[in-house]
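Quick look at start.cif (mmCIF, C-alpha atoms and all ligand atoms):
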data_target
#
loop_
_atom_site.label_atom_id
_atom_site.label_comp_id
_atom_site.auth_asym_id
_atom_site.auth_seq_id
_atom_site.Cartn_x
_atom_site.Cartn_y
_atom_site.Cartn_z
CA MET A 12 64.38 297.52 258.94
CA ASN A 13 63.09 295.65 261.89
CA THR A 14 59.41 296.30 261.13
CA TYR A 15 58.18 292.70 260.93
CA LYS A 16 58.39 289.72 263.22
CA ARG A 17 58.88 287.04 260.57
CA PHE A 18 58.48 283.28 260.69
CA PRO A 19 61.64 281.50 259.49
CA ILE A 20 60.10 279.79 256.44
CA ASN A 21 61.34 280.71 252.95
CA PHE A 22 58.58 280.21 250.41
CA VAL A 23 59.72 279.75 246.84
CA GLU A 24 56.63 278.54 245.02
CA GLY A 25 52.85 278.64 245.26
CA LYS A 26 49.89 277.14 243.41
CA GLY A 27 46.26 277.40 244.44
CA SER A 28 45.91 276.82 248.18
CA TYR A 29 49.46 275.52 248.71
CA LEU A 30 52.93 277.00 249.18
CA TRP A 31 56.30 275.22 249.01
CA ASP A 32 59.38 276.28 250.96
CA ASP A 33 63.03 276.03 249.91
CA MET A 34 63.25 272.57 251.47
CA GLY A 35 60.38 271.33 249.30
CA THR A 36 57.90 271.19 252.22
CA LYS A 37 54.28 271.79 251.22
CA PHE A 38 52.07 274.06 253.36
CA LEU A 39 48.31 274.57 253.26
CA ASP A 40 47.90 278.36 253.13
CA PHE A 41 44.96 279.72 255.12
CA THR A 42 46.42 283.25 255.09
CA SER A 43 46.22 284.00 251.33
CA GLY A 44 48.95 286.60 251.80
CA ILE A 45 46.66 288.28 254.40
CA ALA A 46 43.43 288.28 252.37
CA THR A 47 45.21 289.08 249.12
CA CYS A 48 45.61 285.94 247.00
CA ASN A 49 41.84 285.43 246.91
CA LEU A 50 42.07 283.35 243.71
CA GLY A 51 44.83 281.21 245.20
CA HIS A 52 48.51 281.45 244.38
CA VAL A 53 49.49 282.18 240.76
CA PRO A 54 45.98 281.97 239.29
CA GLU A 55 46.12 280.93 235.64
CA ASN A 56 44.05 283.75 234.06
CA VAL A 57 45.75 286.51 236.02
CA MET A 58 49.17 285.04 235.27
CA GLN A 59 48.40 284.98 231.55
CA ALA A 60 47.09 288.55 231.56
CA VAL A 61 50.16 289.82 233.45
CA GLN A 62 52.54 287.83 231.20
CA HIS A 63 50.83 289.24 228.10
CA GLN A 64 51.12 292.79 229.43
CA LEU A 65 54.69 292.17 230.62
CA SER A 66 55.82 291.57 227.05
CA ARG A 67 54.01 294.64 225.66
CA LEU A 68 54.23 297.64 228.02
CA TRP A 69 54.85 298.07 231.74
CA HIS A 70 54.47 301.73 232.51
CA THR A 71 53.70 305.06 230.90
CA SER A 72 52.30 307.23 233.77
CA ASN A 73 48.94 308.84 234.28
CA LEU A 74 49.86 311.59 231.81
CA PHE A 75 48.30 309.31 229.19
CA PRO A 76 45.18 307.15 229.00
CA ILE A 77 45.75 303.57 230.19
CA GLU A 78 43.44 301.11 228.46
CA ASN A 79 43.57 298.41 231.16
CA GLN A 80 42.93 301.00 233.87
CA GLU A 81 39.85 302.31 232.06
CA LYS A 82 38.53 298.77 231.56
CA LEU A 83 39.12 297.99 235.24
CA ALA A 84 37.36 301.21 236.30
CA ASN A 85 34.40 300.34 234.06
CA LEU A 86 34.20 296.82 235.43
CA LEU A 87 34.41 297.91 239.10
CA THR A 88 31.82 300.65 238.65
CA SER A 89 29.46 298.40 236.65
CA GLN A 90 29.62 295.84 239.48
CA SER A 91 29.04 298.38 242.28
CA CYS A 92 26.91 301.38 243.23
CA LEU A 93 29.91 303.68 242.61
CA ASP A 94 30.57 305.68 239.44
CA GLN A 95 34.23 306.66 239.25
CA ALA A 96 37.59 305.16 240.23
CA PHE A 97 41.01 306.41 241.31
CA PHE A 98 43.89 303.92 241.33
CA CYS A 99 46.84 303.71 243.69
CA ASN A 100 49.11 301.00 245.05
CA SER A 101 47.90 299.90 248.48
CA GLY A 102 45.08 299.98 250.99
CA ALA A 103 46.56 302.84 252.99
CA GLU A 104 46.86 304.90 249.80
CA ALA A 105 43.27 304.13 248.85
CA ASN A 106 42.17 305.39 252.28
CA GLU A 107 44.42 308.46 251.98
CA ALA A 108 42.68 309.22 248.69
CA ALA A 109 39.28 308.78 250.38
CA ILE A 110 40.23 311.13 253.24
CA LYS A 111 41.39 313.76 250.74
CA LEU A 112 38.24 313.35 248.65
CA VAL A 113 36.02 313.82 251.72
CA ARG A 114 37.86 317.05 252.54
CA ALA A 115 37.75 318.28 248.92
CA TYR A 116 34.03 317.50 248.69
CA SER A 117 33.27 319.24 251.95
CA LYS A 118 35.22 322.31 250.81
CA ALA A 119 33.49 322.35 247.41
CA LYS A 120 30.13 322.28 249.20
CA LYS A 121 31.33 325.25 251.29
CA GLY A 122 31.14 323.07 254.41
CA ASN A 123 34.90 323.30 255.05
CA ASN A 124 34.45 320.48 257.50
CA PRO A 125 37.48 318.16 257.73
CA VAL A 126 36.08 315.92 260.47
CA ILE A 127 35.78 312.18 259.85
CA ALA A 128 34.13 309.87 262.38
CA ALA A 129 35.94 306.53 262.69
CA PHE A 130 35.64 303.63 265.13
CA SER A 131 37.47 301.89 267.94
CA GLN A 132 39.39 298.73 266.96
CA SER A 133 39.38 299.87 263.30
CA PHE A 134 42.42 299.55 261.05
CA HIS A 135 42.89 301.76 258.01
CA GLY A 136 46.63 301.64 257.29
CA ARG A 137 50.08 302.83 258.35
CA THR A 138 50.49 306.26 256.75
CA MET A 139 50.04 309.30 259.00
CA ALA A 140 46.47 310.01 257.87
CA THR A 141 45.40 306.38 258.03
CA VAL A 142 47.11 305.85 261.41
CA SER A 143 45.12 308.88 262.59
CA ALA A 144 41.92 307.27 261.27
CA THR A 145 42.78 303.93 262.90
CA GLY A 146 41.11 303.30 266.26
CA GLN A 147 43.82 301.21 267.91
CA GLU A 148 46.20 302.73 270.42
CA LYS A 149 48.97 300.21 269.64
CA ILE A 150 49.07 301.45 266.01
CA ARG A 151 48.91 305.16 266.92
CA ALA A 152 51.23 305.31 269.92
CA GLY A 153 54.58 306.97 269.34
CA PHE A 154 53.63 308.78 266.14
CA GLU A 155 52.07 311.90 267.62
CA PRO A 156 51.20 314.53 266.60
CA LEU A 157 48.62 312.69 264.53
CA LEU A 158 46.52 314.32 261.84
CA GLU A 159 43.68 316.43 263.16
CA GLY A 160 40.09 315.82 262.22
CA PHE A 161 39.40 312.25 263.32
CA ILE A 162 37.00 311.42 266.14
CA HIS A 163 36.57 307.84 267.28
CA PHE A 164 33.33 306.28 268.44
CA PRO A 165 32.53 302.81 269.79
CA PHE A 166 31.79 300.26 267.04
CA ASN A 167 28.40 298.52 266.90
CA ASP A 168 27.05 300.83 269.62
CA LEU A 169 23.57 302.20 268.98
CA ASN A 170 23.94 304.59 271.94
CA ALA A 171 26.88 306.34 270.24
CA LEU A 172 24.88 307.34 267.16
CA GLY A 173 23.51 310.46 268.85
CA ARG A 174 27.07 311.58 269.60
CA ILE A 175 28.08 311.02 265.98
CA LYS A 176 25.15 313.18 264.93
CA ASP A 177 26.18 315.90 267.39
CA ALA A 178 29.78 315.82 266.12
CA ALA A 179 28.41 316.57 262.61
CA PRO A 180 31.35 315.00 260.72
CA ALA A 181 31.78 315.35 256.96
CA ALA A 182 32.03 311.57 256.72
CA VAL A 183 31.89 308.31 258.63
CA MET A 184 34.64 305.82 257.77
CA LEU A 185 34.33 302.16 258.70
CA GLU A 186 35.09 298.52 257.97
CA LEU A 187 31.98 296.35 257.79
CA ILE A 188 33.97 293.54 259.34
CA GLN A 189 36.86 294.88 261.36
CA GLY A 190 39.66 292.62 260.15
CA GLU A 191 42.88 293.48 261.97
CA GLY A 192 40.82 294.56 265.01
CA GLY A 193 39.72 290.96 265.66
CA VAL A 194 37.25 289.95 262.90
CA ILE A 195 34.29 291.86 264.32
CA PRO A 196 31.29 292.06 261.97
CA ALA A 197 29.11 295.18 262.08
CA LYS A 198 25.60 294.40 263.28
CA GLN A 199 22.91 294.92 260.63
CA GLU A 200 20.72 296.86 263.04
CA TRP A 201 23.58 299.25 263.85
CA ILE A 202 24.41 299.77 260.18
CA ASP A 203 20.74 300.47 259.39
CA GLU A 204 20.64 303.20 262.04
CA LEU A 205 24.06 304.59 261.12
CA VAL A 206 23.05 304.84 257.46
CA LYS A 207 19.85 306.60 258.52
CA VAL A 208 21.80 309.19 260.54
CA CYS A 209 24.23 309.75 257.65
CA LYS A 210 21.36 310.27 255.17
CA GLU A 211 19.49 312.66 257.46
CA GLU A 212 22.59 314.67 258.35
CA ASP A 213 24.23 314.65 254.89
CA ILE A 214 27.27 312.73 256.15
CA LEU A 215 29.28 310.74 253.59
CA LEU A 216 29.65 307.00 254.13
CA VAL A 217 33.16 305.72 253.42
CA VAL A 218 33.51 301.94 253.55
CA ASP A 219 37.01 300.50 253.81
CA GLU A 220 36.75 297.24 251.86
CA VAL A 221 40.50 296.74 251.62
CA GLN A 222 40.15 293.43 253.47
CA THR A 223 36.45 292.61 253.00
CA GLY A 224 36.30 293.39 249.27
CA MET A 225 37.01 291.24 246.22
CA GLY A 226 34.79 288.38 247.28
CA ARG A 227 36.37 287.77 250.68
CA THR A 228 32.99 287.77 252.46
CA GLY A 229 31.11 285.85 249.73
CA THR A 230 29.97 288.83 247.66
CA LEU A 231 32.24 291.04 245.55
CA PHE A 232 31.81 293.82 248.13
CA ALA A 233 30.73 293.27 251.74
CA TYR A 234 28.41 296.32 251.63
CA GLU A 235 26.09 294.38 249.29
CA GLN A 236 25.16 292.12 252.22
CA TYR A 237 24.30 295.12 254.42
CA CYS A 238 21.82 296.57 251.89
CA PHE A 239 22.97 300.17 251.60
CA GLU A 240 24.97 302.27 249.16
CA PRO A 241 28.25 303.79 250.37
CA ASP A 242 29.46 307.08 248.83
CA ILE A 243 33.09 305.93 248.77
CA VAL A 244 34.62 302.44 248.83
CA THR A 245 38.32 301.65 249.15
CA LEU A 246 39.98 298.51 247.81
CA ALA A 247 43.43 296.90 247.63
CA LYS A 248 44.64 293.46 248.83
CA GLY A 249 42.60 291.02 246.66
CA LEU A 250 42.24 293.48 243.79
CA GLY A 251 45.46 292.38 242.04
CA SER A 252 45.74 288.76 243.32
CA GLY A 253 49.07 289.72 244.91
CA PHE A 254 50.15 292.33 242.37
CA PRO A 255 50.18 295.69 244.24
CA ILE A 256 47.17 297.81 243.31
CA GLY A 257 44.62 299.82 245.28
CA ALA A 258 41.53 301.76 244.30
CA MET A 259 39.08 304.29 245.62
CA LEU A 260 35.61 304.20 244.09
CA ALA A 261 33.13 307.04 244.60
CA LYS A 262 29.71 308.24 243.58
CA GLU A 263 29.92 310.79 240.79
CA ALA A 264 28.60 313.70 242.87
CA VAL A 265 31.45 313.14 245.34
CA ALA A 266 34.16 312.13 242.86
CA THR A 267 33.85 315.36 240.90
CA ALA A 268 35.24 317.28 243.89
CA PHE A 269 38.64 316.08 242.59
CA GLN A 270 39.95 318.08 239.66
CA PRO A 271 43.16 317.58 237.62
CA GLY A 272 45.97 318.22 240.09
CA SER A 273 43.97 317.41 243.25
CA HIS A 274 45.51 314.00 243.71
CA GLY A 275 47.74 311.56 241.87
CA SER A 276 50.15 308.64 241.87
CA THR A 277 53.03 307.79 239.53
CA PHE A 278 52.41 304.06 239.56
CA GLY A 279 48.70 304.03 240.40
CA GLY A 280 46.80 301.82 237.94
CA ASN A 281 49.75 301.41 235.59
CA PRO A 282 49.33 299.01 232.64
CA LEU A 283 50.82 296.03 234.49
CA ALA A 284 48.95 296.52 237.78
CA SER A 285 45.71 297.16 235.91
CA ALA A 286 46.18 293.97 233.86
CA ALA A 287 46.38 292.03 237.14
CA GLY A 288 43.36 293.89 238.54
CA LEU A 289 41.26 293.46 235.41
CA ALA A 290 41.93 289.72 235.12
CA THR A 291 41.22 289.28 238.85
CA VAL A 292 37.89 291.12 238.83
CA LYS A 293 36.84 289.37 235.58
CA GLU A 294 37.49 286.02 237.25
CA LEU A 295 35.62 287.02 240.40
CA THR A 296 32.59 288.23 238.44
CA THR A 297 32.32 285.61 235.68
CA SER A 298 33.30 282.34 237.36
CA THR A 299 31.70 280.35 240.19
CA VAL A 300 34.38 281.40 242.67
CA LEU A 301 32.03 283.47 244.87
CA GLU A 302 29.56 280.57 245.08
CA ASN A 303 32.47 278.34 246.04
CA ALA A 304 33.44 280.80 248.78
CA ILE A 305 29.94 280.61 250.27
CA THR A 306 29.82 276.79 250.19
CA ALA A 307 33.35 276.57 251.60
CA SER A 308 32.40 279.00 254.36
CA GLU A 309 29.44 276.80 255.36
CA SER A 310 31.65 273.70 255.47
CA LEU A 311 34.27 275.49 257.56
CA TYR A 312 31.67 276.74 260.05
CA THR A 313 30.34 273.17 260.46
CA ILE A 314 33.88 271.94 261.15
CA LEU A 315 34.67 274.82 263.50
CA LEU A 316 31.49 274.36 265.53
CA LYS A 317 32.36 270.67 265.90
CA LEU A 318 35.84 271.64 267.07
CA GLN A 319 34.40 274.21 269.47
CA SER A 320 32.40 271.50 271.25
CA ARG A 321 35.61 269.45 271.54
CA PHE A 322 37.91 272.29 272.59
CA PRO A 323 36.34 274.52 275.25
CA PHE A 324 39.07 277.17 274.88
CA ILE A 325 37.37 278.22 271.62
CA LYS A 326 35.19 281.09 272.84
CA SER A 327 33.51 282.23 269.63
CA ILE A 328 33.58 281.86 265.84
CA ARG A 329 32.64 284.91 263.81
CA GLY A 330 32.95 286.58 260.43
CA LYS A 331 31.43 286.32 256.99
CA GLY A 332 32.32 284.23 253.96
CA LEU A 333 35.99 283.31 254.11
CA LEU A 334 37.00 285.96 256.62
CA ILE A 335 36.63 283.94 259.81
CA GLY A 336 37.84 284.72 263.32
CA ILE A 337 38.22 282.10 266.05
CA GLU A 338 38.36 283.78 269.42
CA ILE A 339 40.28 281.71 271.95
CA GLU A 340 41.23 281.76 275.58
CA GLY A 341 44.99 282.20 275.60
CA GLU A 342 47.47 283.26 272.94
CA ALA A 343 46.45 282.99 269.28
CA GLY A 344 50.17 282.93 268.45
CA ASN A 345 50.57 279.56 270.18
CA ILE A 346 47.87 277.99 268.00
CA ILE A 347 49.45 279.50 264.89
CA ASP A 348 52.83 277.98 265.89
CA SER A 349 51.19 274.63 266.55
CA ALA A 350 49.45 274.75 263.13
CA GLN A 351 52.76 275.51 261.44
CA GLN A 352 54.11 272.26 262.83
CA GLU A 353 51.33 270.57 260.81
CA ASN A 354 52.30 272.63 257.73
CA LEU A 355 49.16 274.73 258.03
CA LEU A 356 49.55 278.53 257.78
CA LEU A 357 47.27 280.76 259.85
CA VAL A 358 47.35 284.42 260.86
CA SER A 359 46.12 286.21 263.98
CA ALA A 360 43.80 289.21 264.28
CA GLY A 361 44.85 290.65 267.63
CA PRO A 362 46.26 288.59 270.50
CA GLN A 363 43.30 286.26 270.99
CA VAL A 364 41.84 285.68 267.56
CA VAL A 365 43.05 283.14 265.00
CA ARG A 366 42.00 284.30 261.55
CA LEU A 367 41.16 281.94 258.68
CA LEU A 368 41.64 283.45 255.23
CA PRO A 369 41.70 280.56 252.75
CA PRO A 370 41.59 281.34 249.04
CA LEU A 371 38.05 281.63 247.68
CA THR A 372 38.94 278.75 245.35
CA ILE A 373 39.48 276.30 248.25
CA THR A 374 38.25 272.77 247.41
CA LYS A 375 36.44 270.14 249.48
CA ASP A 376 39.58 268.00 249.72
CA GLU A 377 41.59 270.99 250.91
CA ILE A 378 39.00 271.73 253.59
CA GLU A 379 39.36 268.11 254.75
CA ASP A 380 43.12 268.61 254.81
CA PHE A 381 42.53 271.73 256.96
CA GLU A 382 40.27 269.85 259.37
CA GLU A 383 42.87 267.15 259.90
CA LYS A 384 45.78 269.55 260.37
CA PHE A 385 43.87 272.04 262.54
CA SER A 386 42.47 269.32 264.85
CA ILE A 387 45.98 268.04 265.55
CA ALA A 388 47.22 271.60 266.09
CA LEU A 389 44.43 272.30 268.61
CA GLU A 390 45.07 269.02 270.44
CA ARG A 391 48.74 269.91 270.80
CA TYR A 392 47.81 273.39 272.03
CA MET A 393 45.44 271.93 274.63
CA GLU A 394 48.04 269.47 275.91
CA ALA A 395 50.77 272.11 276.19
C1 LIG B 401 40.71 297.29 256.41
C2 LIG B 401 42.09 297.65 255.99
N1 LIG B 401 42.34 298.89 255.54
C3 LIG B 401 43.57 299.26 255.15
C4 LIG B 401 44.63 298.39 255.21
C5 LIG B 401 45.99 298.84 254.77
O1 LIG B 401 46.31 298.23 253.55
P1 LIG B 401 47.84 298.24 253.04
O2 LIG B 401 48.61 297.37 253.96
O3 LIG B 401 47.74 297.69 251.64
O4 LIG B 401 48.29 299.65 253.06
C6 LIG B 401 44.42 297.08 255.67
C7 LIG B 401 45.53 296.13 255.78
O5 LIG B 401 45.49 295.16 256.49
C8 LIG B 401 43.12 296.71 256.08
O6 LIG B 401 42.85 295.48 256.55
#

Produce structure tokens that represent the structure in this file.
Ligand SMILES: Cc1ncc(COP(=O)(O)O)c(C=O)c1O
Amino acid sequence: MNTYKRFPINFVEGKGSYLWDDMGTKFLDFTSGIATCNLGHVPENVMQAVQHQLSRLWHTSNLFPIENQEKLANLLTSQSCLDQAFFCNSGAEANEAAIKLVRAYSKAKKGNNPVIAAFSQSFHGRTMATVSATGQEKIRAGFEPLLEGFIHFPFNDLNALGRIKDAAPAAVMLELIQGEGGVIPAKQEWIDELVKVCKEEDILLVVDEVQTGMGRTGTLFAYEQYCFEPDIVTLAKGLGSGFPIGAMLAKEAVATAFQPGSHGSTFGGNPLASAAGLATVKELTTSTVLENAITASESLYTILLKLQSRFPFIKSIRGKGLLIGIEIEGEAGNIIDSAQQENLLLVSAGPQVVRLLPPLTITKDEIEDFEEKFSIALERYMEA
């Protein structure tokens, strides 16, 4: 169906930070499949794990224990402040699971409160519940009636915290860096106060780490950098290095509101998907890839600040780790087109933000390649 506006480039092969099209042209990929191929394309360890599993067993269903799924759950919970995991197939599904868990928990506590506070410019997915949670009119419009029980508040606004308190929601749901909404990082001061309100008022904190998780911001989870403990965290994108898998992690006291039959998924965490997830998280937690992401981020910021002084149409540079937004005057799409002419792939985050999402494995030479290509692309944009 006509749901995507696609660029006419047919990619047939990928390795690390590069993709090749069917004409043999090599592209530097600063999209990582929209924050998904965090270890680069076809990472060796994940490929081997998936190939090994591919020759043994693909699928049984969640009627039976799945060894890889249990190992992945143990690894994710040992690396986070969360205790239990539910597996699904995408970010929207992970958020659906979180919304259901909030409602189940509230009911079990006799609160019967289905209200979730979410934020303007947020993005939580394309299913009916996650569209209802999303705070962007362009995503919601035309799909009414939306699901009841979501109230939206301004993001990063200390003055709105009193209103959140008055609304007495069962949970607050947020991205710590709004990705699709324009790469907008939450301010530490605002998070500190929001967390305080949630603690005082017994409101659950649900953090959507579908885009920010799996090392994208320089730590395995972005919440680690904000110094608080969420009750629920959702993951997808980078979790399987491009193999579809999502997860919802929760604190035990919350997770136990789900009982057998409360929720489920045929494919969720199947042996193949879990093999991809397990190998990915092992790599992220035992190699130097996160350190590389931090160093690469510093180098990119130095380059971008230099470019900003050369190109006055660059209004701001923001983000964390390797989730970087370049706010420009004009159309981000024109810069993306110009970059494609240099065989550099970029993605937007709203109409005026160019988003950089290189793999966390990006090397020094590849960053130099980026600088060269991006400078030419910006020059062409300025002259046009
Ligand atoms: C923060 C966030 N949540 C949820 C989603 C939805 O994920 P999916 O497309 O896997 O359903 C996305 C996708 O961009 C996202 O960035």

Given 6 Å of margin on each side, can you work out the centre and size in Å (one decimal) of an axis-aligned box holding every listed atom of ligand LIG 401 (chain B), as lines of an AutoDock Vina configuration file?
center_x = 44.7
center_y = 297.4
center_z = 254.1
size_x = 19.9
size_y = 16.5
size_z = 16.9

Just give me the gap between atom CA of Ser273 of chain A and atom CA of Ile243 of chain A in Å, one decimal is fine.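 Going from atom CA of Ser273 of chain A over to atom CA of Ile243 of chain A covers 16.8 Å.
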
May I have a table of the residues of chain A lying at most 6 Å from ligand LIG 401 (chain B), giving each one's closest pair of atoms and their distance in Å to one decimal, counting all atoms listed in the file, ordered by chain and ascending residue number, as JSON lines?
{"residue": "A:Ser101", "atom": "CA", "partner": "B:LIG401", "partner_atom": "O3", "distance": 3.9}
{"residue": "A:Gly102", "atom": "CA", "partner": "B:LIG401", "partner_atom": "O1", "distance": 3.3}
{"residue": "A:Ala103", "atom": "CA", "partner": "B:LIG401", "partner_atom": "O4", "distance": 3.6}
{"residue": "A:Phe134", "atom": "CA", "partner": "B:LIG401", "partner_atom": "C2", "distance": 5.4}
{"residue": "A:His135", "atom": "CA", "partner": "B:LIG401", "partner_atom": "N1", "distance": 3.8}
{"residue": "A:Gly136", "atom": "CA", "partner": "B:LIG401", "partner_atom": "C5", "distance": 3.8}
{"residue": "A:Glu186", "atom": "CA", "partner": "B:LIG401", "partner_atom": "C1", "distance": 6.0}
{"residue": "A:Gly190", "atom": "CA", "partner": "B:LIG401", "partner_atom": "O6", "distance": 5.6}
{"residue": "A:Glu191", "atom": "CA", "partner": "B:LIG401", "partner_atom": "O6", "distance": 5.8}
{"residue": "A:Asp219", "atom": "CA", "partner": "B:LIG401", "partner_atom": "C1", "distance": 5.5}
{"residue": "A:Val221", "atom": "CA", "partner": "B:LIG401", "partner_atom": "C2", "distance": 4.7}
{"residue": "A:Gln222", "atom": "CA", "partner": "B:LIG401", "partner_atom": "O6", "distance": 4.6}
{"residue": "A:Ala247", "atom": "CA", "partner": "B:LIG401", "partner_atom": "O3", "distance": 5.9}
{"residue": "A:Lys248", "atom": "CA", "partner": "B:LIG401", "partner_atom": "O3", "distance": 5.9}

Filtering to C-alpha atoms, could you give me those residues as a PDB file, in the frame of the given file?
ATOM      1  CA  SER A 101      47.900 299.900 248.480  1.00  0.00           C
ATOM      2  CA  GLY A 102      45.080 299.980 250.990  1.00  0.00           C
ATOM      3  CA  ALA A 103      46.560 302.840 252.990  1.00  0.00           C
ATOM      4  CA  PHE A 134      42.420 299.550 261.050  1.00  0.00           C
ATOM      5  CA  HIS A 135      42.890 301.760 258.010  1.00  0.00           C
ATOM      6  CA  GLY A 136      46.630 301.640 257.290  1.00  0.00           C
ATOM      7  CA  GLU A 186      35.090 298.520 257.970  1.00  0.00           C
ATOM      8  CA  GLY A 190      39.660 292.620 260.150  1.00  0.00           C
ATOM      9  CA  GLU A 191      42.880 293.480 261.970  1.00  0.00           C
ATOM     10  CA  ASP A 219      37.010 300.500 253.810  1.00  0.00           C
ATOM     11  CA  VAL A 221      40.500 296.740 251.620  1.00  0.00           C
ATOM     12  CA  GLN A 222      40.150 293.430 253.470  1.00  0.00           C
ATOM     13  CA  ALA A 247      43.430 296.900 247.630  1.00  0.00           C
ATOM     14  CA  LYS A 248      44.640 293.460 248.830  1.00  0.00           C
TER      15      LYS A 248
END

Can you work out which one of A:Gln132, A:Ser89, A:Gln319, A:Thr374 has the shortest atom-to-atom distance to Leu50 of chain A, counting all atoms listed in the file?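 So, comparing all the options, the nearest one is A:Thr374.
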
Counting all atoms listed in the file, what are the residues of segment 164-244 of chain A within 10 Å of segment 354-365 of chain A, and for each of them which pair of atoms is the nearest and at what distance in Å, to one decimal? Sort the table by chain and rising number, as a Markdown table.
| residue | atom | partner | partner_atom | distance |
| --- | --- | --- | --- | --- |
| A:Gln189 | CA | A:Ala360 | CA | 9.4 |
| A:Gly190 | CA | A:Ala360 | CA | 6.8 |
| A:Glu191 | CA | A:Ala360 | CA | 4.9 |
| A:Gly192 | CA | A:Ala360 | CA | 6.2 |
| A:Gly193 | CA | A:Ala360 | CA | 4.6 |
| A:Val194 | CA | A:Ala360 | CA | 6.7 |
| A:Ile195 | CA | A:Ala360 | CA | 9.9 |

Residues from the last selection, C-alpha atoms, saved as an mmCIF file, in the coordinates of the input:
data_model
loop_
_atom_site.group_PDB
_atom_site.id
_atom_site.type_symbol
_atom_site.label_atom_id
_atom_site.label_comp_id
_atom_site.auth_asym_id
_atom_site.auth_seq_id
_atom_site.Cartn_x
_atom_site.Cartn_y
_atom_site.Cartn_z
ATOM 1 C CA GLN A 189 36.860 294.880 261.360
ATOM 2 C CA GLY A 190 39.660 292.620 260.150
ATOM 3 C CA GLU A 191 42.880 293.480 261.970
ATOM 4 C CA GLY A 192 40.820 294.560 265.010
ATOM 5 C CA GLY A 193 39.720 290.960 265.660
ATOM 6 C CA VAL A 194 37.250 289.950 262.900
ATOM 7 C CA ILE A 195 34.290 291.860 264.320
#

Which one is closest to His52 of chain A: A:Phe166, A:Phe254, A:Tyr15, A:Trp69? Count only C-alpha atoms.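 Of A:Phe166, A:Phe254, A:Tyr15, A:Trp69, the one nearest His52 of chain A is A:Phe254, counting only C-alpha atoms.
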
Separation of atom CA of Ile202 of chain A from atom CA of Leu187 of chain A in Å: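 Computing the Euclidean distance for atom CA of Leu187 of chain A and atom CA of Ile202 of chain A yields 8.6 Å.
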
Compare A:Ile77, A:Leu157, A:Ala181, A:Leu315 by their minimum atom-to-atom distance to Asn123 of chain A, counting all atoms listed in the file, and give me the closest one.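 For Asn123 of chain A, the nearest of the given residues is A:Ala181.
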
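Ranking A:Ala108, A:Ile373, A:Ile256, A:Ala46 by their shortest atom-to-atom distance to Gly280 of chain A, with only C-alpha atoms included, puts A:Ile256 first.
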
Shortest interatomic distance to Tyr116 of chain A - which of A:Glu55, A:Glu204, A:Asp213, A:Glu159, counting all atoms listed in the file: A:Asp213

Separation of atom CA of Val57 of chain A from atom CA of Ala290 of chain A, in Å and rounded to one decimal: 5.1 Å

What would the list of residues within 7 Å of (42.9, 296.5, 236.2) (file frame) look like as a tab-separated table (two decimals) with C-alpha atoms, keeping the file's coordinate frame, if all atoms listed in the file are what count?
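This went into out05.tsv:
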chain	number	residue	atom	x	y	z
A	79	ASN	CA	43.57	298.41	231.16
A	80	GLN	CA	42.93	301.00	233.87
A	82	LYS	CA	38.53	298.77	231.56
A	83	LEU	CA	39.12	297.99	235.24
A	280	GLY	CA	46.80	301.82	237.94
A	284	ALA	CA	48.95	296.52	237.78
A	285	SER	CA	45.71	297.16	235.91
A	286	ALA	CA	46.18	293.97	233.86
A	287	ALA	CA	46.38	292.03	237.14
A	288	GLY	CA	43.36	293.89	238.54
A	289	LEU	CA	41.26	293.46	235.41
A	290	ALA	CA	41.93	289.72	235.12

Tell me which protein, DNA and RNA residues are within 9 Å of Leu93 of chain A, counting all atoms listed in the file, leaving out same-chain ones fewer than 5 positions away, and put them as a list of chain:residue names.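 Counting all atoms listed in the file, the residues come to A:Leu87, A:Thr88, A:Glu240, A:Pro241, A:Asp242, A:Ile243, A:Val244, A:Leu260, A:Ala261, A:Lys262, A:Glu263.
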
Need the neighbours of (49.1, 270.2, 259.4): which residues are at most 10 Å away, counting all atoms listed in the file, as a ChimeraX atom specification? /A:37-39,349-356,380-388

Once you have the residues from the selection above, write them out as a CSV table (one decimal), in the frame of the given file, restricted to C-alpha atoms.
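Below is the file that was written, part-v1.csv:
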chain,number,residue,atom,x,y,z
A,37,LYS,CA,54.3,271.8,251.2
A,38,PHE,CA,52.1,274.1,253.4
A,39,LEU,CA,48.3,274.6,253.3
A,349,SER,CA,51.2,274.6,266.6
A,350,ALA,CA,49.4,274.8,263.1
A,351,GLN,CA,52.8,275.5,261.4
A,352,GLN,CA,54.1,272.3,262.8
A,353,GLU,CA,51.3,270.6,260.8
A,354,ASN,CA,52.3,272.6,257.7
A,355,LEU,CA,49.2,274.7,258.0
A,356,LEU,CA,49.6,278.5,257.8
A,380,ASP,CA,43.1,268.6,254.8
A,381,PHE,CA,42.5,271.7,257.0
A,382,GLU,CA,40.3,269.8,259.4
A,383,GLU,CA,42.9,267.2,259.9
A,384,LYS,CA,45.8,269.6,260.4
A,385,PHE,CA,43.9,272.0,262.5
A,386,SER,CA,42.5,269.3,264.8
A,387,ILE,CA,46.0,268.0,265.6
A,388,ALA,CA,47.2,271.6,266.1

Residue with smallest distance to Ala129 of chain A - pool A:Thr313, A:Thr145, A:Ser117, A:Thr14, counting only C-alpha atoms: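 Of all the options, A:Thr145 lies closest to Ala129 of chain A.
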
Within 9 Å of Phe232 of chain A, counting only C-alpha atoms, which residues qualify if same-chain residues fewer than 6 places away don't, as an MDAnalysis selection string? chainID A and resid 91 220 223:226

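Residues with any atom within 10 Å of Leu316 of chain A, counting all atoms listed in the file and excluding same-chain neighbours fewer than 6 positions away, are Phe322, Ile325, Ser327 and Ile328 of chain A.
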